[in-house]
Amino acid sequence: MVWISEADSGSPAVPVRVFLFNGVGIRKLACLSQTMSDTRKPFPFPEFEPKWQARWESEKTFRTAGPGDADFDPGKPKYYVLDMFPYPSGSGLHVGHPEGYTATDIVGRYKRMMGFNVLHPMGYDSFGLPAEQYAIKTGQHPAITTAANIENFRRQLKSLGFGYDWDREIATTDPEYVRWTQWIFLQIYGSYFCEVENKAKPVTELEAKGWTREQIDEVRLAFVADTPVWWSPDLGTVLANEEVEEWKSKGHIVERRPLRQWMLRITKYSQRLIDELDTLDWPEGIKLLQKNWIGRSEGASVQFEIADFDTEIEVFTTRPDTLFGATYMVLAPEHPLVARITTADQTSAVEAYQKACASKSDLDRGDLNKDKSGVFTGAFAINPVNDEQIPIWIADYVMMGYGTGAIMAVPAHDERDWEFAKRFALPIKMVVALDSNQPLDALDEATPGHGTAMNSGFLDGLPTAEAKAKMIDWLESRSKGTRRIQFKLRDWLFSRQRYWGEPFPITWKDGQHHAIPESELPLLAPPLDDYKPSGTPEPILTKAADWVRLPDGSTRETNTMPQWAGSCWYYLRYCDPTNNGRLISQEAEDYWSDEKPGMVDLYVGGTEHAVLHLLYARFWHKVLYDLGHVRTPEPFQKLVNQGLILGEDGVKMSKSRGNVVNPDDVVSEYGADSLRLYEMFMGPLEQVKPWQMKGVEGVSRFLARVWRVAFEEDTVSSKIQDVPCTDPALLRTVHETLKKVGEDIEKLSFNTAISQMMICTNAFTQAEVVPLKEFIQLLTVLNPFAPHLTEEIHARLGGKTMLSEATWPRYDEAALVRNEIELVVQVNGKLRDRLMVSKDIDEEAAKAAAFASAKVMEHLEGKTIRKIVFIPGKIFNIVAN
RNA sequence: GCCGGGAUGGCGGAAUUGGUAGACGCGCUAGACUUAGGAUCUAGUAUCGAAAGGUGUGCAGGUUCGAGUCCUGUUCCCGGCACCA
């Protein structure tokens with residue numbers, strides 16, 4: 001039997017059944033279609049997949065009842081399973097999307113069948129630079145292209161049969177969504193970080209204490225600062241550090257320049273962002289990535305006086321124990337003190353060097369890793385421990401952005417300082433003897449390790465850890481330094497000069513910024529005819545003069561927020577997506593949170609967001625938590641990263657390589673169920689794996705076999721009988737399948753679950769009689785994986801209800817029991833025989849059976865038995881020599 | 001350079017966590033049904049060997065009655081960070 005449909009016509013096809021048992025079929029085929037391969041379907045999915053999708057949609061099968069809904073049952077346990085929502089690009093869904101989406105769909109459907117109230121929503125991260133670039137190219141407003149792209153994504157997602165609650169669909173560009181993104185910004189803007197309580201609090205508390213407006217602006221979590229930023233003249237915006245590479249690789253110019261920008265004080269949360277990772281069920285690798293990104297190091301800050309100047313230089317060091325070995329100092333070329341301390345005869349050299357550095361990016365600096373460069377300022381600092389005068393240099397291996405932008409150089413024990421000292425013939429003084437007994441005078445490289453202090457006055461003889469502590473105490477007692485913890489994490493550059501983003505809900509008057517009233521939210525960007533970058537750092541919204549100028553003489557902030565803003569909190573909005581009075585109702589927030597630290601039970605998405613989205617979202621969530629708007633301290637309890645799907649050639653899919661697989665093509669050729677199943681059967685979810693079209697055919701054949709167990713031609717197979725299962729082996733296979741599939745879904749081990757269902761299907765194929773009840777149990781556990789096919793078979797077998805609403809079948813422990821097992825007999829650990837024995841055979845009986853085996857005796861010939869190892873039910877090992 | 005992850009048949013991958021290596025699928029081989037097969041079904045398929053049997057989880061050692069799994073060293077591949085003081 002073959003099904004024919006006009007798969008490529010784009011309209012829902014009416015399938016024509018043709019039986020190919022004679023030549024008529026082929027002639028019919030030939031005239032109905034140009035190429036046979038396009039139209040041969042082993043089961044009629046082009047007919048039933050859209051049918052079931054339409055039914056789920058019209059019956060709202062996957063609608064989730066929440067607090068406030070009439071059918072809400074507060075007694076049901078909640079389960080929140082979330083996908084990283086897509087950026088709706090013009091090229092549509094990539095096969096990487098359905099990988100994670102199918103995984104969460106299986107878990108969501110499974111949890112529903114297990115009796116959970118499952119929240120499994122979908123939406124669109126629809127602001128962003130690419131939409132604006134496209135708008136510039138085509139002259140169409142980004143709202144139009146974005147809407148079209150969303151529509152295409154929605155169609156594709158629906159064609160895959162995902163059980164989303166479409167009533168909760170959101171897009172970050174929706175005005176109602178923008179309202180709450182801006183509202184959260186105002187909460188951040190209206191807060192400061194209280195160091196005592198280690199949390200954010202409203203700035204109104206400071207007002208009450210009599211702080212001035214200027215003082216408050218200094219501590220807000222959202223603030224304006226002049227910082228060197230990455231600016232792209234042809235994109236017309238600044239970029240975050242992390243975005244620079246991406247746009248550069250697309251051929252855009254990116255340069256460094258100081259600009260006045262909005263920043264968010266994420267650095268205040270550094271310690272909490274590290275500590276609270278421990279409460280989360282995330283891959284250790286991702287936790288480590290975040291920890292390294294935040295980059296905590298413990299040490300001390302030390303004050304160095306400058307000879308002949310009434311000023312000091314502060315440095316940060318993780319090795320205060322090596323202070324006696326500091327033989328020179330280095331300032332970053334941009335350090336504000338450089339101009340002041342440089343002596344007249346060094347000025348021209350210093351300025352030339354500064355200029356050379358300014359034209360280099362950080363990346364170029366990195367390339368010069370090996371070759372140290374620098375210039376002497378002519379000034380000297382005084383080492384606080386021994387009052388020695390040490391020269392002050394400037395060099396680009398010291399960066400302004402970390403620590404204080406100045407270091408004490410200890411060339412004997414730091415590789416970079418060593419190279420620099422060698423290059424410029426600066427003194428090297430050894431102050432730590434390593435634990436290994438190396439000769440102290442034959443030093444030919446830096447020794448950064450721990451050891452015992454030497455040449456260090458009051459520290460001599462102390463191991464590094466103690467020497468550090470003692471030195472800090474010494475510095476603190478003389479007010480020349482303090483214990484200090486330093487983080488690599490920088491404050492978050494939060495403003496962009498683009499059009500297609502949320503405007504800041506801020507106005508300016510007399511050089512001061514003000515929040516606009518909540519009642520004026522959402523503040524939407526005005527329509528513009530021209531989004532082209534002007535080549536200047538002026539935000540594009542500046543062009544909308546009428547919008548910018550307000551009647552009271554104040555002006556609007558013209559920067560917009562970065563794309564991350566919308567994705568920082570979307571998981572909250574899904575809980576209560578249409579609430580116009582609040583970000584999320586108290587009841588919804590309360591119900592969808594539980595005792596675990598993270599609100600979302602399972603979050604699946606790509607590794608590319610390991611440090612950006614996942615760090616930003618945690619930060620926003622913590623601010624909202626501190627201010628009492630949410631009751632969990634973390635957003636995502638369990639995180640799983642799906643592995644990248646490579647092209648058939650084993651490399652990353654890309655248009656230029658021509659190895660991109662379009663999900664639409666797979667769906668029309670093999671059906672949505674085959675695509676879903678294949679993506680899950682490829683291998684472990686987290687693993688990187690190449691696409692194989694032959695593999696899609698393989699799972700498609702499996703689904704066809706399931707179909708053929710039920711149907712012969714187009715009638716119900718005579719093998720299907722509504723009788724008790726009398727074959728214990730078949731019954732055992734079915735119950736093993738019920739057990740394993742459930743356990744494997746819990747472990748997200750979908751590939752092995754599918755393999756078990758294949759085994760079960762093969763057993764049904766070979767059985768003389770297929771008991772209806774057991775077959776439907778298989779269909780039920782297969783339903784989360786292949787929902788359309790299973791619903792269709794179930795309905796055709798007379799099922800009145802939908803499998804999607806079935807309860808998960810429980811396996812029967814009794815059906816799993818085997819009376820006979822295979823006992824493996826080994827001689828010296830090598831397999832010699834397998835014996836069918838009773839499942840609870842004891843050692844004596846096992847021994848008798850083993851020694852009755854000719855194969856075993858053959859290998860024992862001429863040997864003395866030394867030992868016998870018997871593992872009941874598994875192994876009988878004879879050790880002999 | 002530093003930090004992670006990985007290496008199992010021709011291919012994607014299994015292996016109850018120390019107990020029969022290669023489940024399941026792809027591919028391949030042979031057969032059956034066919035005018036036909038890129039459909040379906042049956043059997044086989046790590047490797048050497050005619051067989052008995054030997055050898056096999058990147059490589060070299062070690063622990064153990066027994067190692068893909070644990071320990072030590074090492075090579076290669078992938079990802080991240082990269083002068084972070």
# chains A, B, ... in the order shown; residues from 1 in each chain; ligands from 1
>>> residues_around(residues="A:Ala147", least_positions_apart="4", cutoff="10 Å", atoms="only C-alpha atoms (C1' of nucleotides)", output="JSON list (two decimals) with N, CA and C atoms, in the first residue's frame")
[["chain", "number", "residue", "atom", "x", "y", "z"],
["A", 88, "PRO", "N", 13.11, 34.96, 15.75],
["A", 88, "PRO", "CA", 12.43, 34.61, 14.50],
["A", 88, "PRO", "C", 13.13, 35.21, 13.28],
["A", 126, "SER", "N", 11.88, 38.69, 19.68],
["A", 126, "SER", "CA", 11.72, 39.28, 18.35],
["A", 126, "SER", "C", 12.35, 40.66, 18.14],
["A", 142, "PRO", "N", 10.70, 47.03, 10.44],
["A", 142, "PRO", "CA", 11.02, 45.78, 11.13],
["A", 142, "PRO", "C", 9.79, 45.11, 11.74],
["A", 143, "ALA", "N", 8.79, 45.90, 12.09],
["A", 143, "ALA", "CA", 7.58, 45.30, 12.67],
["A", 143, "ALA", "C", 6.90, 44.38, 11.65],
["A", 151, "GLU", "N", 5.07, 34.54, 12.09],
["A", 151, "GLU", "CA", 4.02, 33.71, 11.52],
["A", 151, "GLU", "C", 4.60, 32.43, 10.91],
["A", 152, "ASN", "N", 5.74, 32.59, 10.26],
["A", 152, "ASN", "CA", 6.38, 31.43, 9.66],
["A", 152, "ASN", "C", 6.90, 30.46, 10.73],
["A", 153, "PHE", "N", 7.48, 31.01, 11.78],
["A", 153, "PHE", "CA", 7.96, 30.15, 12.87],
["A", 153, "PHE", "C", 6.79, 29.40, 13.51],
["A", 171, "ALA", "N", 5.61, 37.53, 22.42],
["A", 171, "ALA", "CA", 6.75, 38.02, 21.63],
["A", 171, "ALA", "C", 7.29, 39.23, 22.39],
["A", 173, "THR", "N", 8.42, 41.80, 21.40],
["A", 173, "THR", "CA", 8.09, 43.08, 20.77],
["A", 173, "THR", "C", 6.64, 43.50, 21.01]]
>>> interface_residues(of="chain A", to="chain B", cutoff="6 Å", atoms="only C-alpha atoms (C1' of nucleotides)", output="VMD selection string")
chain A and resid 285 317 397 695 755 829 879
>>> write_last_selection(atoms="N, CA, C and O atoms", output="mmCIF file, in the first residue's frame")
data_model
loop_
_atom_site.group_PDB
_atom_site.id
_atom_site.type_symbol
_atom_site.label_atom_id
_atom_site.label_comp_id
_atom_site.auth_asym_id
_atom_site.auth_seq_id
_atom_site.Cartn_x
_atom_site.Cartn_y
_atom_site.Cartn_z
ATOM 1 N N GLY A 285 30.066 21.774 33.702
ATOM 2 C CA GLY A 285 30.839 22.563 32.749
ATOM 3 C C GLY A 285 30.291 23.972 32.597
ATOM 4 O O GLY A 285 31.055 24.937 32.513
ATOM 5 N N THR A 317 46.854 42.562 43.871
ATOM 6 C CA THR A 317 47.706 41.390 43.669
ATOM 7 C C THR A 317 47.115 40.189 44.388
ATOM 8 O O THR A 317 46.537 40.320 45.459
ATOM 9 N N TYR A 397 50.444 45.240 28.472
ATOM 10 C CA TYR A 397 50.034 43.953 29.048
ATOM 11 C C TYR A 397 49.268 44.155 30.348
ATOM 12 O O TYR A 397 48.732 43.205 30.914
ATOM 13 N N GLY A 695 19.211 7.920 8.430
ATOM 14 C CA GLY A 695 18.707 7.675 9.773
ATOM 15 C C GLY A 695 17.244 8.067 9.901
ATOM 16 O O GLY A 695 16.473 7.423 10.609
ATOM 17 N N SER A 755 14.887 2.914 21.239
ATOM 18 C CA SER A 755 15.396 1.591 20.884
ATOM 19 C C SER A 755 14.566 0.505 21.577
ATOM 20 O O SER A 755 14.274 -0.533 20.978
ATOM 21 N N GLY A 829 38.103 -15.459 34.296
ATOM 22 C CA GLY A 829 37.541 -14.209 33.790
ATOM 23 C C GLY A 829 37.152 -14.237 32.331
ATOM 24 O O GLY A 829 36.700 -13.232 31.802
ATOM 25 N N VAL A 879 38.579 -19.541 39.119
ATOM 26 C CA VAL A 879 39.971 -19.107 38.989
ATOM 27 C C VAL A 879 40.850 -20.334 39.156
ATOM 28 O O VAL A 879 40.762 -21.030 40.172
#
>>> select_by_dssp(residues="stretch 648-752 of chain A", states="strand (DSSP E)", output="PDB file with C-alpha atoms, in the first residue's frame")
ATOM      1  CA  LYS A 689      26.119  14.738  16.259  1.00  0.00           C
ATOM      2  CA  PRO A 690      25.949  14.733  12.486  1.00  0.00           C
ATOM      3  CA  PHE A 711      -3.278  -2.431   9.782  1.00  0.00           C
ATOM      4  CA  GLU A 712      -3.175  -4.666   6.785  1.00  0.00           C
ATOM      5  CA  THR A 715      -8.206  -2.434   7.528  1.00  0.00           C
ATOM      6  CA  VAL A 716      -7.414  -3.407  11.074  1.00  0.00           C
ATOM      7  CA  ILE A 720      -5.080  -7.401  16.686  1.00  0.00           C
ATOM      8  CA  GLN A 721      -7.381  -9.102  19.144  1.00  0.00           C
TER       9      GLN A 721
END
>>> residues_around(residues="A:Thr607", least_positions_apart="4", cutoff="8 Å", atoms="only C-alpha atoms (C1' of nucleotides)", output="PyMOL selection string")
chain A and resi 286+641-643
>>> write_last_selection(atoms="N, CA, C and O atoms", output="compact mmCIF listing (two decimals), in the first residue's frame")
# COMPACT_ATOMS: atom_id res chain seq x y z
N ILE A 286 28.97 24.10 32.59
CA ILE A 286 28.35 25.41 32.43
C ILE A 286 28.54 26.24 33.70
O ILE A 286 28.81 27.44 33.64
N ASN A 641 21.85 21.35 28.08
CA ASN A 641 22.27 21.91 26.79
C ASN A 641 22.18 20.85 25.72
O ASN A 641 22.81 19.81 25.83
N GLN A 642 21.38 21.12 24.70
CA GLN A 642 21.35 20.17 23.59
C GLN A 642 22.61 20.36 22.76
O GLN A 642 23.12 21.46 22.65
N GLY A 643 23.10 19.25 22.21
CA GLY A 643 24.31 19.32 21.39
C GLY A 643 23.98 19.82 19.99
O GLY A 643 22.87 19.66 19.50
>>> select_by_dssp(residues="stretch 200-422 of chain A", states="alpha helix (DSSP H)", output="PyMOL selection string")
chain A and resi 204-208+213-219+241-249+270-275+284-294+338-341+347-358+362-367+415-422
>>> residues_around(residues="stretch 46-56 of chain B", least_positions_apart="5", cutoff="12 Å", atoms="only C-alpha atoms (C1' of nucleotides)", output="list in words")
Arg832, Lys855, Glu858 and His859 of chain A; U8, G9, G10, A21, G22 and G68 of chain B
>>> write_last_selection(atoms="N, CA and C atoms (P, O5', C5', C4', C3', O3' and C1' of nucleotides)", output="CSV table (one decimal), in the first residue's frame")
chain,number,residue,atom,x,y,z
A,832,ARG,N,33.3,-18.9,29.0
A,832,ARG,CA,33.4,-20.2,28.5
A,832,ARG,C,32.1,-20.9,28.2
A,855,LYS,N,32.5,-27.6,27.8
A,855,LYS,CA,33.3,-26.4,27.4
A,855,LYS,C,34.2,-25.9,28.6
A,858,GLU,N,37.0,-28.4,29.6
A,858,GLU,CA,38.1,-28.4,28.7
A,858,GLU,C,39.1,-27.3,29.1
A,859,HIS,N,38.6,-26.2,29.6
A,859,HIS,CA,39.5,-25.1,30.0
A,859,HIS,C,40.1,-25.3,31.4
B,8,U,P,35.4,6.2,18.9
B,8,U,O5',35.2,4.9,19.8
B,8,U,C5',36.3,4.0,19.9
B,8,U,C4',35.7,2.6,20.3
B,8,U,C3',34.8,1.9,19.3
B,8,U,O3',35.7,1.2,18.4
B,8,U,C1',33.8,1.9,21.4
B,9,G,P,35.7,1.6,16.9
B,9,G,O5',34.4,0.9,16.4
B,9,G,C5',34.1,0.8,15.0
B,9,G,C4',34.2,-0.6,14.5
B,9,G,C3',33.9,-0.7,13.1
B,9,G,O3',34.7,-1.7,12.5
B,9,G,C1',32.4,-2.1,14.3
B,10,G,P,35.8,-1.3,11.3
B,10,G,O5',34.8,-0.6,10.3
B,10,G,C5',35.4,0.0,9.1
B,10,G,C4',34.3,0.8,8.4
B,10,G,C3',33.4,1.7,9.3
B,10,G,O3',34.0,2.8,9.7
B,10,G,C1',32.1,0.6,7.7
B,21,A,P,32.4,-10.5,27.3
B,21,A,O5',32.1,-9.1,26.7
B,21,A,C5',31.5,-8.9,25.5
B,21,A,C4',30.8,-7.6,25.4
B,21,A,C3',30.1,-7.3,24.1
B,21,A,O3',28.8,-7.8,24.2
B,21,A,C1',31.4,-5.5,24.7
B,22,G,P,28.0,-8.4,22.9
B,22,G,O5',27.8,-7.1,22.0
B,22,G,C5',27.0,-6.0,22.5
B,22,G,C4',27.2,-4.8,21.6
B,22,G,C3',26.8,-5.2,20.2
B,22,G,O3',25.4,-4.8,20.0
B,22,G,C1',28.9,-4.0,20.2
B,68,G,P,37.3,-4.1,29.3
B,68,G,O5',36.8,-2.8,28.6
B,68,G,C5',37.8,-1.9,28.1
B,68,G,C4',37.2,-0.5,28.0
B,68,G,C3',36.9,0.2,29.3
B,68,G,O3',38.1,0.9,29.7
B,68,G,C1',35.0,0.3,27.9
>>> atom_distance(atom1="atom C1' of B:C28", atom2="atom CA of A:Val688")
26.2 Å
>>> atom_distance(atom1="atom CA of A:Val640", atom2="atom CA of A:Leu602")
7.5 Å
>>> closest_residue(among="A:Gln187, A:Thr172, A:Thr322, A:Gln486", to="A:Lys268", atoms="only C-alpha atoms")
A:Gln486
>>> residues_around(residues="B:G62", least_positions_apart="2", cutoff="12 Å", atoms="only C-alpha atoms (C1' of nucleotides)", output="mmCIF file with C-alpha atoms (C1' of nucleotides), in the first residue's frame")
data_model
loop_
_atom_site.group_PDB
_atom_site.id
_atom_site.type_symbol
_atom_site.label_atom_id
_atom_site.label_comp_id
_atom_site.auth_asym_id
_atom_site.auth_seq_id
_atom_site.Cartn_x
_atom_site.Cartn_y
_atom_site.Cartn_z
ATOM 1 C "C1'" A B 60 51.426 2.516 27.480
ATOM 2 C "C1'" U B 64 41.210 -6.721 40.481
ATOM 3 C "C1'" A B 67 38.247 -3.178 33.533
ATOM 4 C "C1'" C B 70 38.724 2.533 38.687
ATOM 5 C "C1'" C B 71 44.215 4.545 39.151
ATOM 6 C "C1'" U B 72 48.998 6.632 36.742
ATOM 7 C "C1'" G B 73 51.172 8.496 32.401
#
>>> residues_around(residues="A:Val118", least_positions_apart="4", cutoff="8 Å", atoms="only C-alpha atoms (C1' of nucleotides)", output="list of chain:residue names")
A:Thr64, A:Lys78, A:Tyr79, A:Tyr80, A:Val81, A:Gly108, A:Lys111, A:Arg112
>>> residues_around(residues="B:C41", least_positions_apart="2", cutoff="12 Å", atoms="only C-alpha atoms (C1' of nucleotides)", output="PyMOL selection string")
(chain A and resi 705+765-766) or (chain B and resi 31-33+39+43)
